[in-house]
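Taking it in order: structure first as structure tokens, then the write-up.
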Amino acid sequence: MRPTQDVPVEVVLAARSGDPEALDRLVAQSLPLVYNVVGRALDGHPDTDDVVQESVLRVVRGLGSLERPQSFRSWLLAITVRQVRDWMRRRRVDRERHADLSAVELAADPAADFVATTIDRLFLDGERRVLARATRWLDPRDRDVLALWWLESTGELTRAELAESLGVERRHAAVRVQRMRQRLATGRAIVVALDRTPPCAGLADVARRWDGLPSPLWRKRMARHVLDCPRCGGLEARSPERLLAGLPLLVPPAPLAGAASRLAVEGLAGAPTIEGLAGGSATEVLPVTHPQTRTGLLSWVRSPLRTALVTGAAAAAVGVVAALALGGGPAPTVAAPVPTAVTATTTPPREAAPDPSPEPAETPVDPPTVEPAPASPEAPSSAPGEAPGAAADPGPAAPPSGKKGAAVWAFDDAATALTASGAAWYYTWGTDPGPGAASGVEFVPMIWGRDHVTDENLARAASQGRYLLGFNEPDLAGQAEMSVEEALALWPRLEATGQVLGSPAVAWGGDAPDGWLDRFLRGADERGYRVDFVTLHWYGGDFDATRATDQLRRYLEAVHARYGKPIWLTEVALIDFSQGVRHAREDEQAAFLAQATRMLAGLDYVHRYAWFGLPAEDGPLRSGLYGPGGVATPVGRAFEAAP
């Protein structure tokens, strides 16, 4: 599943100028983010819907004051965080004012418990369930940081957007996130200790007067015991970011989605037109809702909105989910390397290497979605001793996963071949879309090595879309060949593009303790750098399709177990580098491609893969998909049928 898409600038501009359909779309696409931030910050308090609606109201009324439409999402979240903080401040005042009254009105509604809702709707179990429950033990001042950090960990936000939403510098945001994570880790330890059977007698004694409701005070009291007790302590768990990787956003309830849509299209009293709505100020002070009396502007808006029917915008919001994600560094547990899998790599043809002299940046465009082409009925050739077509028969085409991609270098009819392949995306080892630009397939740029970290290259990469690939095989001579320290020193410049950022793609040993990738991710985590997904290359030296597919799967499992991040496999084929270079036959490549891609489609943490590569050229390399005239090879036919 893909993360929520950024609202196109043209939609923001149209909404700001009074287009009702654009405003409806803007609200529909914004609502899941607002709902998840408010819901997680308030943990399902009965006022959650009110705060969501008030946030949307301020966004709609403040559109006219938005100077940079491209920063709409950060601006939207900054408004939402302010509404959360205002609500918390009002709640604190009410608690002090009504200290002698029952706190029932101010307590969370069990039916609206956001933690329980998250567990149920996202089918959380194991460590993820523990993590969700641990959020209840956080301090109130951590709640807005938690809400934004959760979105960052699931790939919805960048660290830059998180900092901007909080209104602080990035380094300050990193400190706040780190402090919140430390308290969250303590909460996880407490949850695990309380769940132990039989219970620890010492912890039971500490909790004798506990009322059963998680709170910062009881977190501190229990932590003194849990962190020192041999029975309660010793919690070893993956980092929280890894546990969240790939989780979707919670979909706003249909009545709330319908209410938000109606708010956009009908306007408010005194500003019945869209033009009037767009002319307000996001910073003006509106009447607030008292959490007990429910008076003021919001209660006036709330009644008709609560009964609004779900519109097309609400349906659109239901379809918005998160998929990419991740922060977090290396896990404490070490997965053993897979000795049978050869994880070396190959070098793209010399003409495919990025040009150190970048061309002027192009105007960014939203790449259209391309449905995979139907599979060719012609089956690839078979291996010796097998029934004709059996070795590489891709079988019936599987439903497209959106993962399928190709590594592309220049050859005649590249655009035609790329379109026919059914690939959802491609890359060229650089920031120039190259021959695939005319195909309509999504292009993902790469910053190949140290010499390509230039202002021009970074600007062009930022104009190409949402994703950015890091350095190409920095652990291999003849490729980017960079030390970990050098790569880390340059990384903030890639991060500054604001794109969803993939790690450097190592040639081999991505699962190795203290390997190049391990040291890089550990260093990035220590410095607070963002690495959103892991990029890998894999070449199998065993040309049996079934064994090679199993070796690849075990390698991916080991890498994911170690880092917990989504994976992009950006070079994959059968080439044996164990003693010189030995290439598989076309039928062997096709058989492996058919089996491996079906396996990859079933791994939710593998977000994308790219076959090496699109062109079929004269020479020993037999993994190419298309020859002269854009004619599919047996490998290409298997690729067309791949999910």
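Residues are referred to by chain and number: the chain letter is A, B, ... according to the order shown in the structure tokens, the number counts from 1 in that chain, and ligands are numbered separately from 1 in the order shown.
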
Polymer residues at most 7 Å from segment 134-148 of chain A, only C-alpha atoms, same-chain spacing of 3 or more positions, as a PDB file with N, CA, C and O atoms, in the first residue's frame:
ATOM      1  N   VAL A  37      -3.764  12.373  13.560  1.00  0.00           N
ATOM      2  CA  VAL A  37      -3.018  13.210  14.502  1.00  0.00           C
ATOM      3  C   VAL A  37      -3.867  13.500  15.738  1.00  0.00           C
ATOM      4  O   VAL A  37      -3.426  13.299  16.875  1.00  0.00           O
ATOM      5  N   ARG A  40      -4.798  10.211  17.816  1.00  0.00           N
ATOM      6  CA  ARG A  40      -3.708   9.639  18.595  1.00  0.00           C
ATOM      7  C   ARG A  40      -3.298  10.581  19.734  1.00  0.00           C
ATOM      8  O   ARG A  40      -2.907  10.139  20.805  1.00  0.00           O
ATOM      9  N   ALA A  41      -3.367  11.879  19.496  1.00  0.00           N
ATOM     10  CA  ALA A  41      -2.997  12.838  20.539  1.00  0.00           C
ATOM     11  C   ALA A  41      -4.022  12.840  21.676  1.00  0.00           C
ATOM     12  O   ALA A  41      -3.665  12.983  22.841  1.00  0.00           O
ATOM     13  N   VAL A  81      -1.967  20.675  15.087  1.00  0.00           N
ATOM     14  CA  VAL A  81      -1.229  20.589  16.347  1.00  0.00           C
ATOM     15  C   VAL A  81      -1.629  21.727  17.273  1.00  0.00           C
ATOM     16  O   VAL A  81      -1.775  21.536  18.496  1.00  0.00           O
ATOM     17  N   VAL A 130       1.669  -4.409  21.913  1.00  0.00           N
ATOM     18  CA  VAL A 130       2.329  -3.889  23.110  1.00  0.00           C
ATOM     19  C   VAL A 130       2.695  -2.423  22.913  1.00  0.00           C
ATOM     20  O   VAL A 130       2.498  -1.583  23.803  1.00  0.00           O
ATOM     21  N   LEU A 131       3.242  -2.086  21.729  1.00  0.00           N
ATOM     22  CA  LEU A 131       3.621  -0.704  21.457  1.00  0.00           C
ATOM     23  C   LEU A 131       2.414   0.224  21.517  1.00  0.00           C
ATOM     24  O   LEU A 131       2.479   1.304  22.111  1.00  0.00           O
ATOM     25  N   LEU A 151       3.090   9.053  12.284  1.00  0.00           N
ATOM     26  CA  LEU A 151       2.946   9.273  10.841  1.00  0.00           C
ATOM     27  C   LEU A 151       4.294   9.237  10.142  1.00  0.00           C
ATOM     28  O   LEU A 151       4.416   8.749   9.013  1.00  0.00           O
ATOM     29  N   GLU A 152       5.323   9.761  10.792  1.00  0.00           N
ATOM     30  CA  GLU A 152       6.665   9.698  10.206  1.00  0.00           C
ATOM     31  C   GLU A 152       7.126   8.253  10.086  1.00  0.00           C
ATOM     32  O   GLU A 152       7.692   7.850   9.058  1.00  0.00           O
ATOM     33  N   LEU A 162       7.671  16.978  10.151  1.00  0.00           N
ATOM     34  CA  LEU A 162       7.371  16.829  11.575  1.00  0.00           C
ATOM     35  C   LEU A 162       7.832  18.062  12.339  1.00  0.00           C
ATOM     36  O   LEU A 162       7.092  18.617  13.160  1.00  0.00           O
ATOM     37  N   VAL A 177      11.484  13.970  19.926  1.00  0.00           N
ATOM     38  CA  VAL A 177      11.127  12.609  19.528  1.00  0.00           C
ATOM     39  C   VAL A 177      11.896  11.596  20.365  1.00  0.00           C
ATOM     40  O   VAL A 177      11.341  10.599  20.831  1.00  0.00           O
ATOM     41  N   MET A 180      10.459  11.339  23.839  1.00  0.00           N
ATOM     42  CA  MET A 180       9.189  10.625  23.801  1.00  0.00           C
ATOM     43  C   MET A 180       9.430   9.125  23.633  1.00  0.00           C
ATOM     44  O   MET A 180       8.782   8.299  24.285  1.00  0.00           O
ATOM     45  N   ARG A 183      10.429   7.492  26.932  1.00  0.00           N
ATOM     46  CA  ARG A 183       9.284   7.250  27.813  1.00  0.00           C
ATOM     47  C   ARG A 183       8.400   6.128  27.254  1.00  0.00           C
ATOM     48  O   ARG A 183       7.809   5.341  28.017  1.00  0.00           O
ATOM     49  N   LEU A 184       8.308   6.051  25.924  1.00  0.00           N
ATOM     50  CA  LEU A 184       7.541   4.980  25.301  1.00  0.00           C
ATOM     51  C   LEU A 184       8.182   3.621  25.574  1.00  0.00           C
ATOM     52  O   LEU A 184       7.490   2.627  25.831  1.00  0.00           O
ATOM     53  N   GLY A 187       7.217   2.599  28.922  1.00  0.00           N
ATOM     54  CA  GLY A 187       5.832   2.122  28.892  1.00  0.00           C
ATOM     55  C   GLY A 187       5.723   0.713  28.335  1.00  0.00           C
ATOM     56  O   GLY A 187       4.941  -0.109  28.836  1.00  0.00           O
ATOM     57  N   ARG A 188       6.516   0.403  27.314  1.00  0.00           N
ATOM     58  CA  ARG A 188       6.499  -0.954  26.753  1.00  0.00           C
ATOM     59  C   ARG A 188       6.964  -1.977  27.801  1.00  0.00           C
ATOM     60  O   ARG A 188       6.396  -3.060  27.912  1.00  0.00           O
ATOM     61  N   VAL A 191       4.127  -2.552  30.249  1.00  0.00           N
ATOM     62  CA  VAL A 191       3.052  -3.365  29.665  1.00  0.00           C
ATOM     63  C   VAL A 191       3.435  -4.838  29.664  1.00  0.00           C
ATOM     64  O   VAL A 191       2.638  -5.711  30.046  1.00  0.00           O
ATOM     65  N   PRO A 214      -3.435   3.789  33.128  1.00  0.00           N
ATOM     66  CA  PRO A 214      -2.062   4.241  32.871  1.00  0.00           C
ATOM     67  C   PRO A 214      -1.941   5.745  33.071  1.00  0.00           C
ATOM     68  O   PRO A 214      -2.839   6.513  32.711  1.00  0.00           O
ATOM     69  N   SER A 215      -0.819   6.171  33.650  1.00  0.00           N
ATOM     70  CA  SER A 215      -0.577   7.594  33.859  1.00  0.00           C
ATOM     71  C   SER A 215       0.919   7.818  34.009  1.00  0.00           C
ATOM     72  O   SER A 215       1.666   6.889  34.352  1.00  0.00           O
ATOM     73  N   PRO A 216       1.397   9.043  33.752  1.00  0.00           N
ATOM     74  CA  PRO A 216       2.823   9.329  33.922  1.00  0.00           C
ATOM     75  C   PRO A 216       3.307   9.074  35.344  1.00  0.00           C
ATOM     76  O   PRO A 216       4.430   8.602  35.549  1.00  0.00           O
ATOM     77  N   ARG A 219       3.691   5.448  35.782  1.00  0.00           N
ATOM     78  CA  ARG A 219       4.818   5.000  34.951  1.00  0.00           C
ATOM     79  C   ARG A 219       6.124   5.162  35.724  1.00  0.00           C
ATOM     80  O   ARG A 219       6.967   4.261  35.740  1.00  0.00           O
TER      81      ARG A 219
END

Residues near segment 535-537 of chain A, cut-off 10 Å, only C-alpha atoms, skip fewer than 4 positions along chain, as a ChimeraX atom specification
/A:343-346,469-473,501-510,517,556,559,565-573,606,608-612

Residues near segment 620-630 of chain A, anyone? I mean within 8 Å using only C-alpha atoms, not counting same-chain ones fewer than 4 positions away, as a PyMOL selection string.
chain A and resi 412-414+416-417+573-574+583-586+589-590+612-616+634-637+639

Selected residue, from A:Ala28, A:Leu213, A:Ala189, A:Ala160, that lies nearest to Gly498 of chain A when counting only C-alpha atoms
A:Ala160

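Candidate residues A:Ala204, A:Asp518, A:Leu227, A:Lys403 were compared for distance to Leu603 of chain A, and the nearest is A:Lys403, using only C-alpha atoms.
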
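Counting from atom CA of Glu241 of chain A, the distance to atom CA of Glu557 of chain A is 17.1 Å.
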
May I ask which of the residues A:Asp50, A:Gly541, A:Ala632, A:Thr549 is the closest one to Ala420 of chain A, counting only C-alpha atoms?
A:Ala632

Which one is closest to Arg90 of chain A: A:Gly449, A:Asp47, A:Tyr35, A:Arg522? Count only C-alpha atoms.
A:Asp47

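Residue nearest Asp86 of chain A, chosen from A:Leu31, A:Leu23, A:Ala163, A:Leu42 and counting only C-alpha atoms: A:Leu42.
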
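Separating atom CA of Met599 of chain A from atom CA of Gly402 of chain A is a distance of 14.1 Å.
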
For the interface of segment 58-91 of chain A with segment 166-174 of chain A (cut-off 10 Å, counting only C-alpha atoms), please tabulate each contacting residue of segment 58-91 of chain A alongside its nearest pair of atoms and their separation in Å to one decimal, rows sorted by chain and increasing number, as CSV.
residue,atom,partner,partner_atom,distance
A:Ser74,CA,A:Leu166,CA,9.4
A:Leu77,CA,A:Leu166,CA,8.4
A:Ala78,CA,A:Leu166,CA,6.3
A:Ile79,CA,A:Leu166,CA,9.6
A:Thr80,CA,A:Leu166,CA,9.9
A:Val81,CA,A:Leu166,CA,7.0
A:Arg82,CA,A:Leu166,CA,8.6

Taking N, CA and C atoms for each residue, export the selection above as a compact mmCIF listing (two decimals), in the first residue's frame.
# COMPACT_ATOMS: atom_id res chain seq x y z
N SER A 74 2.30 20.63 5.54
CA SER A 74 2.93 21.08 6.78
C SER A 74 2.08 22.14 7.46
N LEU A 77 -0.92 20.49 9.14
CA LEU A 77 -0.57 19.79 10.38
C LEU A 77 -0.21 20.77 11.49
N ALA A 78 0.41 21.91 11.13
CA ALA A 78 0.71 22.91 12.15
C ALA A 78 -0.58 23.45 12.77
N ILE A 79 -1.59 23.68 11.94
CA ILE A 79 -2.89 24.13 12.45
C ILE A 79 -3.50 23.05 13.37
N THR A 80 -3.42 21.79 12.92
CA THR A 80 -3.98 20.69 13.71
C THR A 80 -3.29 20.57 15.06
N VAL A 81 -1.97 20.67 15.09
CA VAL A 81 -1.23 20.59 16.35
C VAL A 81 -1.63 21.73 17.27
N ARG A 82 -1.83 22.92 16.73
CA ARG A 82 -2.27 24.05 17.56
C ARG A 82 -3.64 23.76 18.18

Compile the contact shell of Val408 of chain A as a PyMOL selection string: residues with an atom at most 7 Å away, counting only C-alpha atoms, same-chain residues fewer than 2 positions apart removed.
chain A and resi 406+410+426-428+613-614

Just N, CA and C atoms for this one: save the residues we selected as a CSV table (one decimal), in the first residue's frame.
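Okay, this is what ended up in result.csv:
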chain,number,residue,atom,x,y,z
A,406,ALA,N,11.7,-1.7,-13.3
A,406,ALA,CA,12.9,-2.1,-14.1
A,406,ALA,C,14.0,-1.1,-14.0
A,410,ALA,N,19.9,3.3,-21.8
A,410,ALA,CA,19.5,3.7,-23.2
A,410,ALA,C,19.6,2.6,-24.2
A,426,TYR,N,10.4,2.9,-12.8
A,426,TYR,CA,11.7,2.6,-13.3
A,426,TYR,C,12.7,3.6,-12.8
A,427,TYR,N,14.0,3.3,-12.9
A,427,TYR,CA,15.0,4.2,-12.6
A,427,TYR,C,16.2,4.0,-13.6
A,428,THR,N,17.1,5.0,-13.6
A,428,THR,CA,18.2,5.0,-14.6
A,428,THR,C,19.5,5.2,-13.9
A,613,GLY,N,17.9,-6.1,-16.5
A,613,GLY,CA,17.3,-4.8,-16.7
A,613,GLY,C,16.4,-4.8,-17.9
A,614,LEU,N,16.0,-3.7,-18.4
A,614,LEU,CA,15.1,-3.6,-19.5
A,614,LEU,C,15.7,-4.0,-20.8

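Going from atom CA of Gly430 of chain A over to atom CA of Ala524 of chain A, you cover 22.9 Å.
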